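Since the structure comes first, as structure tokens, the remarks are kept for the end.
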Amino acid sequence: MYLLRINVGSDVLDKVSRYYDYHWSCQGGVMEQEVVDELPNSLRNSVSAYVNGAMVDSLPFLSRCDDATKQLLASHRFLQPRVFLPSDNIIQEGEKGFEMYFLRRGQAIVTSSAIRGPVRVLSRHEFFGESCLLESAVSNATVKACTYCECFSLSRDDFNSGIAGSPTEEQVRIDLKKLMLKTKSTNQRAVRNFSTHPKCVRLAVEPLRENSMPEKSSPALVLNHEGVPFLLWNSFLLLVCFYNAWMIPFRLAFDTSNKSITVDWVFDLFFLLDMGLNYRFVSFLHDGELVTDPKRISEHYVASGQFKTDLVSTLPLDLVAYYVLPEAPLVGECLRILRLFRLVRLGTLDKVFSFLGDRHIPLAGLRLAEFLSGVILIAHWAACGFFFIARLKSGRADCSDLDQAPALAKCLWNGTWIYKQIHDGKLPLDGGVTWQHYLRSFNWALPTLVVVVIGDVVPATSPETLYAFLLMAIGVTVNAAIVGNVANIVANLETDSSDFARRVDEIRQYCFKHHLTNELHQRVDDFTRFLWTSHSGSTNEDEFILRLPYTLQTEISTQTRTKLLLHCPFFDFFTGDIVKALAISMKPRQYCAGDIIVHAGDFGQSMFFLETGTVQVVPSDGSTVLATLAAGSFFGETSLFLKQKRSSSVCAVTFCDVFELEKSDLFDELRRREIDREHIMRLFVSAHKQNSRRNKAIQKNLNSSKQVGAKLNKLLVSVSDETTSTKRPVLDIFMPHSPLRFSVDVTCTALILYFSVSVSYRTAFREEEERRPLVFDVIADVFFICDVYMRSKYYAFTRNGSVCTESQMILQQYMTNGMMLDAVSCLSLLEIFAPRLPIRLLSLLRMLRIPSFLKKLREHLSLRGIRISLATDLLAKTILFYTIANHVVACIWFGIHRYIERRVRHTWGTSDCPWGSDAGSDDCLAKWNETLGEHNICNLYSMRDCYLRSLHFSLTTLSTVGYGDISPVTELETIYENIVVLLGACFLAGLIGAFGAYLSECDTLGFNAFKEKIHKLKKYMRYRRIPDDIQASILFFHHCRWKDSQTLDERETLRILPEPLQLDISFAVKQRVIRLVPILDSLPIIVQKRIAHAMLLQVYSLRDHPIIYSQGDIGWEIYFIVSGAVTISLPTDISELDVTGMANAASNKQKFDSIGLILGAGNHVGESCLCSKSGVRQETVTAMTSKVETYVLSKEDLDDICRLMGFEKGSQLRHALLTRNNRNWHSFEEIDNDAMDFDEASSTSHERQNSLRNLSFAWATPKPMSELTNTRANTRGSTIRHRRASQQRSRSSFSASPGSINLQLISDDHSNEERSTSSIV
């Protein structure tokens, strides 16, 4: 689907298909690298030594290398598997190389521009490109793959790191250099000989050309086995096969003549022609290679199983019997039996459906059509067999002396199921004709196959009964197949990917759990809808591309990524191979409307290329739009080349597909190819200065346009006035999710369901005199007419996340989404002028609009806080459609009796006599009137009773129960019943599939999934014999995490969303954490969002999980306390710490002397890892309350956030975390002589620190980041007061032991959780 979306050529699609065919034939679809990566290290080395050891040993320049280095170079860490397609250039002449190749499988040729033709043929276990291991050299030859070539590549960097430190490193380099000089000398002599002696070319080059290049002796006409002509030919053969599958059993059972034998023999000629084509002219794939050689085609066809099948099904055995036994009495039977071999050809069906599936036709419809056709065909064969058994018995009866038709029928069919049908009035007294016999047989076969007990056709003889037993056994299998296939189709019908539907439901459940705003709900719904319609639910298309060979990656990248790079002038000075490599390294990103892709002030590490969509460039304050960029544009290039802040923000206006090129990928590629970075930087700076001058000119024009009276201002004002006058204002009530639209959609859905029930009921069961149109129906019709007008003119709609309000676009969208259907159904209003005509039936066309309106209602309810999962929605719709189907089937069933069979004596209505009365009597549903020659409509008490009898038939048939008390009598009723039987089997399977999807969702998304995870976790802990206290801590952690988020993995749940949307959701969920910590609350909003997204919840308990971390543990996380309290235990012997811990022991003690040993909400612990090289913890932190909630921020995530902030701001954030805890300072490295101005001359440095240590900041006015490390006392008096208060607290509280501190103020209530540390102590 990705390749179709980017519109790659058919040749690329063909190459990808052939590659996967080759990959499947060689490795069974298994990726070698993935298999090796899953193995333990020792076993991985053993596999690498076995696979690659011989190749490495064969290298002459490694002959004196030690075994350890050889084993290291042979590992999959250094040797990367590569696959090249036929005609791919493995090495291109004139390009710089940095990889050496080992040819593991296949054949390649070496060509040079200095010599016409191949110079050398490379085969298995040979190597080439070794000169690149020492230095980046330009290749003087081209190596081209002749077949699929499996290679292992060794890059220069991996080679250098592999031999680094080896005792034979210098010797290896010397041997390699000698080999390079020897090879270069040999090549030079060869070129010189070829240029001076033309005879050498004829003797050496031409034999290589003949041996290396495949022979092109294909015939003038070769049919591609995947081409459209061959599909048309197979489709024609499929029709012939259907003809044979239908007619051969039918003639064997019902038709004793041989009138159409000539037509059969003509069709046999087409089978013979097909064998000839397959033998000589139809290509095939062998290991991914398209074979067109006639000899190989013939050998392959004869050796295949298809040849034997075609031969058996095409042999003209019936033709031989016709001419050998022309006078035999059973020659007709023999001919029909021998033609049964033609049914073997039904294998052509799989070819056609497989081809259609490869052409991306919806698989659900194909599978359903394929399966139902098979069920009908089996039922046809079973019907023919059932009649054939009865005909065998009738053939033994001697009825030659009987002339009257009833007596002859009784003589022929006496004792068979056919005579019972004659006796019951289902067949005429003369026995009926062939098509009536077939209809009754099929009426027995199909219900029996799908296990629907009708009971109107039953076996009468022992052979018939045994045959019925056999078919019932087959029917159980067929019914199970129906349930399995249709249920699977229905379970995946809402989306073609149940995995994507599950992930969307997880996101919605997460959003509802945390009560996010309607705006975030709408953004999530819009983006997931865009992701499905545009990308089939895939957010990592690179995963598919990177599995392909490098040459295919470059071909696919050329369609999208390469052209974006070439449109950027900064890459004009790069060579083609560098551009291709950079195109592959670009990462796809998706953004929804309103997302900020680039933030002003960030120190970016990448640039972006806009593939689809529109973005706007705005300054940091967002005051104006500097530029609007469309598809094909680029932005953020300054951060790629220069270490500068981003000067502007870039915001997505619509849904955007963007490719991101990171700085590390660019400079890695430049380093590998040994390109001068300084030269590249000079070229970029020159181009950047030109762009800067252009941007300044634009900014100057924008500023002048704001000056009243300026020429540019007048021009913009006039243009703005014209645009405003031509643009139609849009009212909010017409927006897609406005209350008016919600009310209209609800009303439309209710009226459509009303018409679906009422119109069909009134048509079938209304009394003759009730022909006037209802007033309510007329009002509803007027409403629908107004609705059609409003939808075509005013009702805005959402496309790719943007609201479209233009009239022309609204009309075009409505015309492609049901406008014609709605307009035709509105013609039912004409009923008021012709009440006798069935014009009201046109309103039933709106039933086709039910799915679209139900989808709209689901979106409306989702925005209003009512969550309906996809599985629940599917189950509800299936039950609704099943209910409507029962009602409509009942109405049609009664309508056949009322309108079509009004003058037929025996119908299901006149035969529905519960008390066993004669058909058409007073006790039946309908009474026959001999005088009028017709039956009445309903002979029961009311039409409601007749409706209940019809509904009884539809319910028992559609539910596959089939009591059989109401059964068809006429041929039309029999045909209709068989249609209902097949529909019922599908509905039953659909209901099973919908219930299966619902139960599966409950198991994979809800609390059942969590219980399953806990069960597996307990099983693992029992296997590892983990102590009980650790088990309790693990289970406590998972239960608390589930209670908080209702999801198994929060980050994995949000992963398919764009990063800005993830940041907004995480900030909305964890905003209270940011607000609770003053340091975080003072940060810019974008930094707060990034920190919130990086945080993870961890819960501790005094009883179940008390230890947060212990002294001596290694950890790189900072813990922010949200609720509860913790106690700090400092080491009594500093010798237990590492070197860094012993050096910082004094400052660590001073910190906790300042802030106390009991910390609560708003404090953080573990920040010492920011300045530690070992990560060893210097204290023990233990939970003091029954529940302590902490949010964990890893040092790695904090470093990434600080890197985007820049060195200065990032250092300030780190310094604030190290020197400040909650509202209190505990370290003053930057406070020096300036503090002396506020203190008395006699004050000591320690006193000044105590005076400033516990200064607190108001929550309502957090300090900006620039002031976090430079806060000073404003007056001397305030400093002295703080100093005295600090000294008083030190005497009264800090001098006490931890055990003597009053803990009554600590509570688990949320009202007390946000209490500061100073209030707790």
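In the structure tokens, the first chain shown is A, the next is B, and so on; residue numbers restart at 1 for each chain, and ligands run from 1 in the order shown.
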
Dump as a Markdown table the rows for residues of stretch 580-692 of chain A within 10 Å of stretch 1183-1203 of chain A: closest atom pair and distance in Å with one decimal, only C-alpha atoms counted, ordered by chain and rising residue number.
```
| residue | atom | partner | partner_atom | distance |
| --- | --- | --- | --- | --- |
| A:Asp602 | CA | A:Arg1203 | CA | 8.5 |
| A:Phe603 | CA | A:Arg1203 | CA | 6.9 |
| A:Gly604 | CA | A:Arg1203 | CA | 8.5 |
| A:Gln605 | CA | A:Arg1203 | CA | 9.2 |
```

query: When DSSP works through the backbone of this structure, what residues of stretch 681-883 of chain A end up as alpha helix (DSSP H), shown as a ChimeraX atom specification?
result: /A:681-705,711-726,739-765,775-793,807-815,819-825,850-863,870-883

task: Tell me which protein, DNA and RNA residues are within 9 Å of stretch 886-896 of chain A, counting only C-alpha atoms, leaving out same-chain ones fewer than 4 positions away, and put them as a PyMOL selection string.
output: chain A and resi 756-757+760-765+881-882+900-902+909+946-955+958+972-973+976-977+980

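What separates atom CA of A:Ser1129 from atom CA of A:Ser1147 is a distance of 14.9 Å.
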
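Among the candidate residues A:Lys563, A:His286, A:His125, A:His380, the one lying nearest to A:Ala583 is A:Lys563, with distances computed using only C-alpha atoms.
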
field: All residues 8 Å or closer to stretch 935-944 of chain A, only C-alpha atoms, same chain fewer than 2 positions away omitted, as an MDAnalysis selection string
entry: chainID A and resid 765:766 898 902:905 910 920 922:929 933 946:948

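Going from atom CA of A:Leu552 to atom CA of A:Ser48 covers 26.4 Å.
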
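Residue nearest A:Asp787 within the list A:Leu39, A:Cys1002, A:Leu740, A:Leu272: A:Leu740 [criterion: smallest interatomic distance, only C-alpha atoms].
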
Near-A:Asp310 list (8 Å; only C-alpha atoms; drop same-chain fewer than 6 positions) as a list of chain:residue names: A:Phe271, A:Met275, A:Val344, A:Arg345

statement: Atom pair atom CA of A:Leu520 + atom CA of A:Ile1065, distance 7.2 Å

field: Non-local contacts of stretch 294-305 of chain A (9 Å; only C-alpha atoms; under 2 positions in same chain excluded) as a count of residues only
entry: 17
